[in-house]
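Asker: Sharing run_17.pdb, PDB, C-alpha atoms:
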```pdb
ATOM      1  CA  MET T 262     -13.402  16.184   6.334  1.00  0.00           C
ATOM      2  CA  ASN T 263     -11.751  13.614   4.083  1.00  0.00           C
ATOM      3  CA  PRO T 264      -9.793  10.740   5.605  1.00  0.00           C
ATOM      4  CA  LEU T 265      -6.006  10.944   5.418  1.00  0.00           C
ATOM      5  CA  MET T 266      -4.642   9.805   2.051  1.00  0.00           C
ATOM      6  CA  HIS T 267      -3.129   6.541   3.296  1.00  0.00           C
ATOM      7  CA  ARG T 268      -6.603   5.561   4.549  1.00  0.00           C
ATOM      8  CA  ARG T 269      -8.150   6.466   1.187  1.00  0.00           C
ATOM      9  CA  VAL T 270      -5.591   4.289  -0.606  1.00  0.00           C
ATOM     10  CA  ARG T 271      -6.351   1.479   1.853  1.00  0.00           C
ATOM     11  CA  ASN T 272     -10.063   1.837   1.100  1.00  0.00           C
ATOM     12  CA  LEU T 273      -9.369   1.686  -2.643  1.00  0.00           C
ATOM     13  CA  PHE T 274      -7.226  -1.454  -2.317  1.00  0.00           C
ATOM     14  CA  VAL T 275      -9.872  -3.143  -0.160  1.00  0.00           C
ATOM     15  CA  GLU T 276     -12.682  -2.179  -2.529  1.00  0.00           C
ATOM     16  CA  VAL T 277     -10.973  -3.670  -5.581  1.00  0.00           C
ATOM     17  CA  GLY T 278      -9.883  -6.843  -3.762  1.00  0.00           C
ATOM     18  CA  LEU T 279      -6.127  -6.307  -3.553  1.00  0.00           C
ATOM     19  CA  THR T 280      -6.021  -7.052   0.189  1.00  0.00           C
ATOM     20  CA  ALA T 281      -8.187 -10.187   0.279  1.00  0.00           C
ATOM     21  CA  THR T 282      -5.707 -12.570   1.935  1.00  0.00           C
ATOM     22  CA  TYR T 283      -4.019 -10.021   4.198  1.00  0.00           C
ATOM     23  CA  THR T 284      -4.552  -8.614   7.659  1.00  0.00           C
ATOM     24  CA  ILE T 285      -4.877  -4.867   7.059  1.00  0.00           C
ATOM     25  CA  GLN T 286      -3.027  -2.464   9.346  1.00  0.00           C
ATOM     26  CA  SER T 287      -2.304   1.255   9.391  1.00  0.00           C
ATOM     27  CA  LEU T 288       0.801   3.210  10.378  1.00  0.00           C
ATOM     28  CA  VAL T 289       2.727   0.407  12.144  1.00  0.00           C
ATOM     29  CA  TRP T 290       3.067  -3.313  11.533  1.00  0.00           C
ATOM     30  CA  THR T 291       2.087  -5.319  14.584  1.00  0.00           C
ATOM     31  CA  ASP T 292       3.024  -8.972  14.197  1.00  0.00           C
ATOM     32  CA  SER T 293       0.452 -11.461  15.445  1.00  0.00           C
ATOM     33  CA  GLY T 294       3.142 -14.046  16.181  1.00  0.00           C
ATOM     34  CA  ASP T 295       1.506 -16.532  13.811  1.00  0.00           C
ATOM     35  CA  LEU T 296       3.960 -17.161  10.962  1.00  0.00           C
ATOM     36  CA  ALA T 297       1.042 -18.120   8.687  1.00  0.00           C
ATOM     37  CA  ASP T 298      -0.440 -14.597   8.851  1.00  0.00           C
ATOM     38  CA  ARG T 299       0.097 -12.119   6.014  1.00  0.00           C
ATOM     39  CA  PHE T 300      -0.088  -8.359   6.471  1.00  0.00           C
ATOM     40  CA  ILE T 301      -0.509  -5.221   4.412  1.00  0.00           C
ATOM     41  CA  VAL T 302       0.299  -1.929   6.113  1.00  0.00           C
ATOM     42  CA  PHE T 303      -0.660   1.530   4.838  1.00  0.00           C
ATOM     43  CA  ARG T 304       1.181   4.627   6.041  1.00  0.00           C
ATOM     44  CA  PRO T 305       1.774   8.213   4.931  1.00  0.00           C
ATOM     45  CA  ASN T 306       5.214   9.117   3.587  1.00  0.00           C
ATOM     46  CA  GLY T 307       5.191  12.876   3.029  1.00  0.00           C
ATOM     47  CA  GLY T 308       4.475  14.642  -0.221  1.00  0.00           C
ATOM     48  CA  SER T 309       4.398  18.137  -1.650  1.00  0.00           C
ATOM     49  CA  ASN T 310       3.169  21.283   0.060  1.00  0.00           C
ATOM     50  CA  ILE T 311      -0.545  21.213   0.835  1.00  0.00           C
ATOM     51  CA  ASP T 312      -2.086  24.599   0.104  1.00  0.00           C
ATOM     52  CA  ARG T 313      -5.635  25.817  -0.093  1.00  0.00           C
ATOM     53  CA  ASP T 314      -7.339  25.425  -3.491  1.00  0.00           C
ATOM     54  CA  ILE T 315      -4.290  23.805  -5.103  1.00  0.00           C
ATOM     55  CA  GLY T 316      -3.685  20.118  -5.777  1.00  0.00           C
ATOM     56  CA  ALA T 317      -0.897  18.375  -3.905  1.00  0.00           C
ATOM     57  CA  GLU T 318       0.991  15.102  -4.085  1.00  0.00           C
ATOM     58  CA  TYR T 319       0.543  12.732  -1.175  1.00  0.00           C
ATOM     59  CA  TYR T 320       3.003   9.853  -0.810  1.00  0.00           C
ATOM     60  CA  VAL T 321       1.773   6.568   0.626  1.00  0.00           C
ATOM     61  CA  LEU T 322       3.857   3.539   1.623  1.00  0.00           C
ATOM     62  CA  VAL T 323       2.265   0.118   1.319  1.00  0.00           C
ATOM     63  CA  ASP T 324       4.160  -2.736   2.979  1.00  0.00           C
ATOM     64  CA  ILE T 325       3.268  -6.252   1.903  1.00  0.00           C
ATOM     65  CA  ILE T 326       4.492  -8.685   4.572  1.00  0.00           C
ATOM     66  CA  THR T 327       4.450 -12.377   3.783  1.00  0.00           C
ATOM     67  CA  ALA T 328       3.738 -15.422   5.843  1.00  0.00           C
ATOM     68  CA  ARG T 329       6.615 -17.785   6.388  1.00  0.00           C
ATOM     69  CA  ASN T 330       5.911 -20.983   4.522  1.00  0.00           C
ATOM     70  CA  ALA T 331       6.679 -22.749   1.267  1.00  0.00           C
ATOM     71  CA  GLY T 332       5.575 -20.911  -1.843  1.00  0.00           C
ATOM     72  CA  GLU T 333       5.005 -17.633  -0.032  1.00  0.00           C
ATOM     73  CA  ALA T 334       7.739 -15.736  -1.890  1.00  0.00           C
ATOM     74  CA  ALA T 335       6.165 -16.514  -5.263  1.00  0.00           C
ATOM     75  CA  LYS T 336       2.653 -15.727  -3.972  1.00  0.00           C
ATOM     76  CA  SER T 337       3.718 -12.372  -2.548  1.00  0.00           C
ATOM     77  CA  GLU T 338       5.601 -11.511  -5.723  1.00  0.00           C
ATOM     78  CA  ALA T 339       2.420 -12.171  -7.720  1.00  0.00           C
ATOM     79  CA  ASP T 340       0.383 -10.042  -5.274  1.00  0.00           C
ATOM     80  CA  VAL T 341       2.854  -7.166  -5.560  1.00  0.00           C
ATOM     81  CA  GLN T 342       2.689  -7.360  -9.346  1.00  0.00           C
ATOM     82  CA  ALA T 343      -1.132  -7.446  -9.227  1.00  0.00           C
ATOM     83  CA  ILE T 344      -1.111  -4.199  -7.219  1.00  0.00           C
ATOM     84  CA  ILE T 345       1.291  -2.523  -9.660  1.00  0.00           C
ATOM     85  CA  ASP T 346      -0.731  -3.766 -12.645  1.00  0.00           C
ATOM     86  CA  TYR T 347      -4.011  -2.503 -11.172  1.00  0.00           C
ATOM     87  CA  ILE T 348      -2.595   0.975 -10.474  1.00  0.00           C
ATOM     88  CA  GLN T 349      -0.971   1.116 -13.903  1.00  0.00           C
ATOM     89  CA  ARG T 350      -4.280   0.249 -15.614  1.00  0.00           C
ATOM     90  CA  ASN T 351      -6.488   2.385 -13.328  1.00  0.00           C
ATOM     91  CA  PRO T 352      -4.670   5.568 -12.275  1.00  0.00           C
ATOM     92  CA  LEU T 353      -7.911   7.539 -11.949  1.00  0.00           C
ATOM     93  CA  SER T 354     -10.285   4.898 -10.555  1.00  0.00           C
ATOM     94  CA  ASP T 355     -11.186   6.633  -7.276  1.00  0.00           C
ATOM     95  CA  PRO T 356     -12.174  10.320  -6.980  1.00  0.00           C
ATOM     96  CA  CYS T 357     -11.196  10.327  -3.277  1.00  0.00           C
ATOM     97  CA  VAL T 358      -7.626   9.328  -4.174  1.00  0.00           C
ATOM     98  CA  GLY T 359      -7.201  11.362  -7.352  1.00  0.00           C
ATOM     99  CA  GLN T 360      -4.472  10.175  -9.693  1.00  0.00           C
ATOM    100  CA  ILE T 361      -2.421   7.362  -8.142  1.00  0.00           C
ATOM    101  CA  THR T 362       0.987   6.395  -9.526  1.00  0.00           C
ATOM    102  CA  ASN T 363       3.563   3.863  -8.419  1.00  0.00           C
ATOM    103  CA  MET T 364       6.889   5.440  -7.488  1.00  0.00           C
ATOM    104  CA  GLY T 365      10.083   3.452  -7.844  1.00  0.00           C
ATOM    105  CA  GLY T 366       8.663   0.284  -9.335  1.00  0.00           C
ATOM    106  CA  VAL T 367       9.066  -2.940  -7.389  1.00  0.00           C
ATOM    107  CA  PRO T 368      11.891  -2.817  -4.851  1.00  0.00           C
ATOM    108  CA  SER T 369      13.873  -5.779  -3.586  1.00  0.00           C
ATOM    109  CA  PRO T 370      12.100  -7.389  -0.656  1.00  0.00           C
ATOM    110  CA  VAL T 371      13.835  -7.410   2.707  1.00  0.00           C
ATOM    111  CA  GLN T 372      13.693 -10.317   5.113  1.00  0.00           C
ATOM    112  CA  THR T 373      12.664 -10.091   8.761  1.00  0.00           C
ATOM    113  CA  THR T 374      14.437 -12.073  11.458  1.00  0.00           C
ATOM    114  CA  GLU T 375      11.483 -14.504  11.391  1.00  0.00           C
ATOM    115  CA  GLY T 376      12.009 -15.135   7.671  1.00  0.00           C
ATOM    116  CA  ARG T 377       9.086 -13.076   6.355  1.00  0.00           C
ATOM    117  CA  LEU T 378       9.572 -11.011   3.197  1.00  0.00           C
ATOM    118  CA  VAL T 379       8.621  -7.330   3.258  1.00  0.00           C
ATOM    119  CA  TRP T 380       7.880  -5.574  -0.027  1.00  0.00           C
ATOM    120  CA  ARG T 381       7.686  -1.776   0.394  1.00  0.00           C
ATOM    121  CA  LEU T 382       5.754  -0.083  -2.403  1.00  0.00           C
ATOM    122  CA  GLN T 383       5.379   3.683  -2.643  1.00  0.00           C
ATOM    123  CA  PHE T 384       2.612   5.567  -4.396  1.00  0.00           C
ATOM    124  CA  ALA T 385       2.040   9.213  -5.236  1.00  0.00           C
ATOM    125  CA  CYS T 386      -1.516  10.485  -5.185  1.00  0.00           C
ATOM    126  CA  LEU T 387      -2.206  13.775  -6.946  1.00  0.00           C
ATOM    127  CA  TYR T 388      -5.302  15.180  -5.338  1.00  0.00           C
ATOM    128  CA  GLY T 389      -6.901  18.584  -4.947  1.00  0.00           C
ATOM    129  CA  GLU T 390     -10.275  20.119  -4.236  1.00  0.00           C
TER     130      GLU T 390
END
```
In structure tokens, write the structure found in this file.

Answerer:
Amino acid sequence: MNPLMHRRVRNLFVEVGLTATYTIQSLVWTDSGDLADRFIVFRPNGGSNIDRDIGAEYYVLVDIITARNAGEAAKSEADVQAIIDYIQRNPLSDPCVGQITNMGGVPSPVQTTEGRLVWRLQFACLYGE
């Protein structure tokens, strides 16, 4: 059995080095309480119907959550752009993910009550066996 798609996307991001300075989490963000920690959270977000012997689209949310210190906004913005650039250049880089595409571009970040920025990226993965 294949892992769920959000875990496959996580594995891809880890393998290519897009998560190097982040604490990786799945499904729910759990804050460590240390404002210097950075997080990346992978979670499913629906998709198209999944039928036997037909490809389907799987939607995956990837939240990039910054630390709270000087220069972090610019660093996280560069990290978000690096993720988008990698996916744009390599839409078929992992056979376990299939074709991965960014949906919606780069959204405005939202700020937590602690002053962290949260960038929520969404991807569509077209996969079928």

Asker: When the PyMOL selection byres ((chain T and resi 344) around 12) is applied to the file above, which residues end up in the set, as a ChimeraX atom specification?

Answerer: /T:270-271,273-275,277-281,301,323-325,337-343,345-352,361-363,366-367,380-384

Asker: Around the point (8.8, -10.8, 2.1) in the file's coordinates, collect all residues with an atom within 10 Å, using only C-alpha atoms, and return them as a VMD selection string.

Answerer: chain T and resid 299 324 to 329 333 to 338 369 to 373 376 to 381

Asker: Could the residues in this selection be saved with C-alpha atoms as a tab-separated table (two decimals), keeping the file's coordinate frame?

Answerer:
```tsv
chain	number	residue	atom	x	y	z
T	299	ARG	CA	0.10	-12.12	6.01
T	324	ASP	CA	4.16	-2.74	2.98
T	325	ILE	CA	3.27	-6.25	1.90
T	326	ILE	CA	4.49	-8.68	4.57
T	327	THR	CA	4.45	-12.38	3.78
T	328	ALA	CA	3.74	-15.42	5.84
T	329	ARG	CA	6.62	-17.78	6.39
T	333	GLU	CA	5.00	-17.63	-0.03
T	334	ALA	CA	7.74	-15.74	-1.89
T	335	ALA	CA	6.16	-16.51	-5.26
T	336	LYS	CA	2.65	-15.73	-3.97
T	337	SER	CA	3.72	-12.37	-2.55
T	338	GLU	CA	5.60	-11.51	-5.72
T	369	SER	CA	13.87	-5.78	-3.59
T	370	PRO	CA	12.10	-7.39	-0.66
T	371	VAL	CA	13.84	-7.41	2.71
T	372	GLN	CA	13.69	-10.32	5.11
T	373	THR	CA	12.66	-10.09	8.76
T	376	GLY	CA	12.01	-15.14	7.67
T	377	ARG	CA	9.09	-13.08	6.36
T	378	LEU	CA	9.57	-11.01	3.20
T	379	VAL	CA	8.62	-7.33	3.26
T	380	TRP	CA	7.88	-5.57	-0.03
T	381	ARG	CA	7.69	-1.78	0.39
```

Asker: Suppose you want the space between atom CA of Leu288 of chain T and atom CA of Glu276 of chain T; what is it in Å?

Answerer: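 Pair atom CA of Leu288 of chain T / atom CA of Glu276 of chain T returns 19.4 Å.
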
Asker: Could you check how far atom CA of Asn306 of chain T sits from atom CA of Val358 of chain T, in Å to one decimal?

Answerer: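 According to the coordinates, atom CA of Asn306 of chain T and atom CA of Val358 of chain T are separated by 15.0 Å.
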
Asker: From the set T:Gly332, T:Phe303, T:Gly308, T:Gln286, which residue has the shortest atom-to-atom contact distance to Arg269 of chain T, counting all atoms listed in the file?

Answerer: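 The shortest atom-to-atom distance to Arg269 of chain T comes from T:Phe303.
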
Asker: Assuming the chain letters and numbering stay as they are in my file, what does the PyMOL selection byres ((chain T and resi 386) around 6) actually select? List them as a ChimeraX atom specification.

Answerer: /T:318-319,360-361,385,387

Asker: Which residue gives the smallest distance to Thr374 of chain T among T:Leu296, T:Leu322, T:Val289, T:Ala317, with all atoms listed in the file counted?

Answerer: T:Leu296

Asker: Identify which of the residues T:Val302, T:Met266, T:Ala331, T:Ile311 lies closest to Trp290 of chain T, counting only C-alpha atoms when measuring atom-to-atom distances.

Answerer: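 Looking only at the distances to Trp290 of chain T, the closest residue turns out to be T:Val302.
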
Asker: Could you state the separation of atom CA of Pro264 of chain T and atom CA of Pro368 of chain T in Å, given to one decimal place?

Answerer: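 Result for atom CA of Pro264 of chain T versus atom CA of Pro368 of chain T: 27.6 Å, one decimal.
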